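Asks: One structure follows; several queries about it will come next.
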Amino acid sequence: MQLDVYSDAICPWCFIGKRRLDRALTPELAPAVKLEWRAYQLYPQIPVEGMDRDAFMQLRFGGKDKVRDGYARIEQEGAGEGIAFNFRGIRRMPNTRNAHRLSILAGQHGVQTALVEQLFQLHFIDGQDVGDLDTLAEAAQRAGIDRDVARDYLRGDEGLPQMLEELQFALEAGISGVPCFVINREFGIPGAQPVEVLSRYLTKARELEALVQR
């Protein structure tokens, strides 16, 4: 079955959802799933060069204090998935357009899921700017792509048409938040669902496919 995960590198719930999906894809279930990560931008209005995070928080939420309670819940949920969110360490809010382009390159190299994990770790744990080309090249290298290959790719516009196509699909499909797990481009599971929920839907989809193929 095809599983497309619409996600953004600066979405904490996407990081949590990714870790839960990792657990849901058991050795028995994973071989039946073709997993691809798709582009979604929470804040496409952020300048290409990114912006100061404190300034962003002031504009978007009226200041960091406004989201403190929300952070506490995210940190609690993240801890359950082995994620030590470091929100205070994040200094820049990036535009994730190039991160999504890099994800497309990673898919061509067969290391897309590894790259997605690295982008989340760099942003949420290390506090790095995942809009910066050097940081993205570092993420690519950690995932198994030559750093210079990634840097040269990012300096051009390769992957841009596919990224825009993915963004358009999300818009037309009515995806208004992420993560969103789309099975066979027909059925969407919104939110960072518990492992058992993801497992149940994926198992059911696999069983339906087996019936159709008989």
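Residues in the structure tokens are numbered from 1 in each chain, the chains being A, B, ... in the order shown, and ligands are numbered from 1 in the order shown.
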What parts of segment 92-152 of chain A does DSSP call helix (DSSP H, G or I)? I'd like the answer as a PyMOL selection string.
Replies: chain A and resi 97-108+112-125+133-143+147-152
Asks: With only C-alpha atoms as the counted atoms, please give the residues lying no more than 10 Å from Phe120 of chain A, apart from itself and same-chain residues fewer than 6 positions off, as a PDB file with N, CA and C atoms, in the first residue's frame.
Replies:
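Result went into result-v5.pdb, see below:
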ATOM      1  N   ASP A   8       5.836  18.652   8.170  1.00  0.00           N
ATOM      2  CA  ASP A   8       6.734  19.800   8.059  1.00  0.00           C
ATOM      3  C   ASP A   8       7.808  19.682   9.121  1.00  0.00           C
ATOM      4  N   ALA A   9       9.027  20.054   8.773  1.00  0.00           N
ATOM      5  CA  ALA A   9      10.175  19.870   9.663  1.00  0.00           C
ATOM      6  C   ALA A   9      10.110  20.727  10.913  1.00  0.00           C
ATOM      7  N   ILE A  10       9.260  21.764  10.935  1.00  0.00           N
ATOM      8  CA  ILE A  10       9.158  22.615  12.111  1.00  0.00           C
ATOM      9  C   ILE A  10       7.874  22.339  12.894  1.00  0.00           C
ATOM     10  N   CYS A  11       7.242  21.204  12.620  1.00  0.00           N
ATOM     11  CA  CYS A  11       6.010  20.812  13.317  1.00  0.00           C
ATOM     12  C   CYS A  11       6.348  19.787  14.401  1.00  0.00           C
ATOM     13  N   PRO A  12       6.235  20.147  15.677  1.00  0.00           N
ATOM     14  CA  PRO A  12       6.584  19.188  16.740  1.00  0.00           C
ATOM     15  C   PRO A  12       5.692  17.956  16.755  1.00  0.00           C
ATOM     16  N   CYS A  14       4.507  16.553  14.202  1.00  0.00           N
ATOM     17  CA  CYS A  14       4.981  15.678  13.123  1.00  0.00           C
ATOM     18  C   CYS A  14       6.138  14.807  13.594  1.00  0.00           C
ATOM     19  N   PHE A  15       7.003  15.373  14.434  1.00  0.00           N
ATOM     20  CA  PHE A  15       8.112  14.603  15.006  1.00  0.00           C
ATOM     21  C   PHE A  15       7.542  13.474  15.864  1.00  0.00           C
ATOM     22  N   ILE A  16       6.581  13.800  16.700  1.00  0.00           N
ATOM     23  CA  ILE A  16       5.937  12.783  17.532  1.00  0.00           C
ATOM     24  C   ILE A  16       5.246  11.743  16.658  1.00  0.00           C
ATOM     25  N   LYS A  18       5.954  10.893  13.651  1.00  0.00           N
ATOM     26  CA  LYS A  18       6.955  10.080  12.952  1.00  0.00           C
ATOM     27  C   LYS A  18       7.454   8.955  13.853  1.00  0.00           C
ATOM     28  N   ILE A  83      11.697  11.759  22.785  1.00  0.00           N
ATOM     29  CA  ILE A  83      12.087  13.044  22.217  1.00  0.00           C
ATOM     30  C   ILE A  83      12.232  14.067  23.339  1.00  0.00           C
ATOM     31  N   PHE A  85      12.389  17.585  23.555  1.00  0.00           N
ATOM     32  CA  PHE A  85      12.233  18.859  22.862  1.00  0.00           C
ATOM     33  C   PHE A  85      13.015  19.955  23.580  1.00  0.00           C
ATOM     34  N   ASP A 126      18.711  20.071  18.563  1.00  0.00           N
ATOM     35  CA  ASP A 126      19.963  20.822  18.461  1.00  0.00           C
ATOM     36  C   ASP A 126      19.757  22.319  18.272  1.00  0.00           C
ATOM     37  N   GLY A 127      18.532  22.736  17.957  1.00  0.00           N
ATOM     38  CA  GLY A 127      18.259  24.158  17.786  1.00  0.00           C
ATOM     39  C   GLY A 127      18.883  24.761  16.541  1.00  0.00           C
ATOM     40  N   GLN A 128      19.143  23.929  15.533  1.00  0.00           N
ATOM     41  CA  GLN A 128      19.780  24.416  14.306  1.00  0.00           C
ATOM     42  C   GLN A 128      18.740  24.951  13.323  1.00  0.00           C
ATOM     43  N   VAL A 130      17.127  24.796  10.051  1.00  0.00           N
ATOM     44  CA  VAL A 130      16.984  23.857   8.945  1.00  0.00           C
ATOM     45  C   VAL A 130      16.533  24.542   7.652  1.00  0.00           C
ATOM     46  N   ALA A 139      22.426  17.614   7.444  1.00  0.00           N
ATOM     47  CA  ALA A 139      21.345  16.636   7.599  1.00  0.00           C
ATOM     48  C   ALA A 139      21.433  15.568   6.523  1.00  0.00           C
TER      49      ALA A 139
END
Asks: When you look at segment 102-108 of chain A with a cut-off of 10 Å (counting only C-alpha atoms), what residues show up, excluding the ones that are within fewer than 4 positions of it in the same chain? I need them as a PyMOL selection string.
Replies: chain A and resi 35-39+96-98+112-116+119+136-137+139-140+143-145+149-151+153-154+158-160+162-163
Asks: So which residues touch Leu171 of chain A within 12 Å, counting only C-alpha atoms, skipping near sequence neighbours fewer than 5 positions away, as a ChimeraX atom specification?
Replies: /A:6,39-42,164-166,176-177
Asks: Using only C-alpha atoms, pick whichever of A:Gly70, A:Pro44, A:Pro94, A:Pro179 has the shortest atom-to-atom distance to Arg19 of chain A.
Replies: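 Selected residue with least distance to Arg19 of chain A: A:Pro179.
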Asks: Compile the contact shell of Arg23 of chain A as a list in words: residues with an atom at most 12 Å away, counting only C-alpha atoms, same-chain residues fewer than 5 positions apart removed.
Replies: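 Result of the neighbour search: Ile16, Gly17, Lys18, Glu28, Leu29, Ala30, Glu81, Gly82, Gln193, Pro194, Val195, Glu196, Val197, Leu198 and Ser199 of chain A.
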Asks: Could you take the residues named above and write them with N, CA and C atoms, as a PDB file, in the first residue's frame?
Replies:
ATOM      1  N   ILE A  16       6.581  13.800  16.700  1.00  0.00           N
ATOM      2  CA  ILE A  16       5.937  12.783  17.532  1.00  0.00           C
ATOM      3  C   ILE A  16       5.246  11.743  16.658  1.00  0.00           C
ATOM      4  N   GLY A  17       4.526  12.201  15.638  1.00  0.00           N
ATOM      5  CA  GLY A  17       3.838  11.281  14.736  1.00  0.00           C
ATOM      6  C   GLY A  17       4.789  10.364  14.007  1.00  0.00           C
ATOM      7  N   LYS A  18       5.954  10.893  13.651  1.00  0.00           N
ATOM      8  CA  LYS A  18       6.955  10.080  12.952  1.00  0.00           C
ATOM      9  C   LYS A  18       7.454   8.955  13.853  1.00  0.00           C
ATOM     10  N   GLU A  28       6.304  -7.185  10.517  1.00  0.00           N
ATOM     11  CA  GLU A  28       5.248  -7.884   9.781  1.00  0.00           C
ATOM     12  C   GLU A  28       4.511  -6.936   8.829  1.00  0.00           C
ATOM     13  N   LEU A  29       4.351  -5.685   9.239  1.00  0.00           N
ATOM     14  CA  LEU A  29       3.555  -4.732   8.470  1.00  0.00           C
ATOM     15  C   LEU A  29       4.391  -3.914   7.482  1.00  0.00           C
ATOM     16  N   ALA A  30       5.610  -3.571   7.852  1.00  0.00           N
ATOM     17  CA  ALA A  30       6.430  -2.662   7.049  1.00  0.00           C
ATOM     18  C   ALA A  30       6.619  -3.101   5.596  1.00  0.00           C
ATOM     19  N   GLU A  81       7.880   9.382  23.556  1.00  0.00           N
ATOM     20  CA  GLU A  81       8.436   8.831  22.317  1.00  0.00           C
ATOM     21  C   GLU A  81       9.951   8.977  22.265  1.00  0.00           C
ATOM     22  N   GLY A  82      10.564   9.304  23.400  1.00  0.00           N
ATOM     23  CA  GLY A  82      12.015   9.440  23.453  1.00  0.00           C
ATOM     24  C   GLY A  82      12.540  10.728  22.852  1.00  0.00           C
ATOM     25  N   GLN A 193      -1.490  10.371  15.741  1.00  0.00           N
ATOM     26  CA  GLN A 193      -2.329   9.337  16.355  1.00  0.00           C
ATOM     27  C   GLN A 193      -1.489   8.353  17.183  1.00  0.00           C
ATOM     28  N   PRO A 194      -2.104   7.747  18.204  1.00  0.00           N
ATOM     29  CA  PRO A 194      -1.411   6.702  18.960  1.00  0.00           C
ATOM     30  C   PRO A 194      -0.987   5.552  18.054  1.00  0.00           C
ATOM     31  N   VAL A 195       0.016   4.823  18.488  1.00  0.00           N
ATOM     32  CA  VAL A 195       0.556   3.718  17.697  1.00  0.00           C
ATOM     33  C   VAL A 195      -0.531   2.714  17.347  1.00  0.00           C
ATOM     34  N   GLU A 196      -1.382   2.390  18.303  1.00  0.00           N
ATOM     35  CA  GLU A 196      -2.402   1.362  18.055  1.00  0.00           C
ATOM     36  C   GLU A 196      -3.406   1.809  16.995  1.00  0.00           C
ATOM     37  N   VAL A 197      -3.675   3.109  16.919  1.00  0.00           N
ATOM     38  CA  VAL A 197      -4.598   3.617  15.893  1.00  0.00           C
ATOM     39  C   VAL A 197      -3.969   3.492  14.516  1.00  0.00           C
ATOM     40  N   LEU A 198      -2.723   3.924  14.388  1.00  0.00           N
ATOM     41  CA  LEU A 198      -2.027   3.796  13.108  1.00  0.00           C
ATOM     42  C   LEU A 198      -1.942   2.330  12.692  1.00  0.00           C
ATOM     43  N   SER A 199      -1.597   1.481  13.624  1.00  0.00           N
ATOM     44  CA  SER A 199      -1.477   0.052  13.317  1.00  0.00           C
ATOM     45  C   SER A 199      -2.798  -0.522  12.829  1.00  0.00           C
TER      46      SER A 199
END
Asks: Can you measure atom CA of Gly174 of chain A to atom CA of Leu3 of chain A for me? One decimal in Å is fine.
Replies: 17.1 Å
Asks: Using DSSP on the backbone, list every residue of segment 3-186 of chain A that comes out as strand (DSSP E or B), and give them as a list in words.
Replies: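 Across segment 3-186 of chain A, those assigned strand (DSSP E or B) are Leu3, Asp4, Val5, Tyr6, Ser7, Lys34, Leu35, Glu36, Trp37, Arg38, Ala39, Met51, Asp52, Arg92, Met93, Cys180, Phe181, Val182 and Ile183 of chain A.
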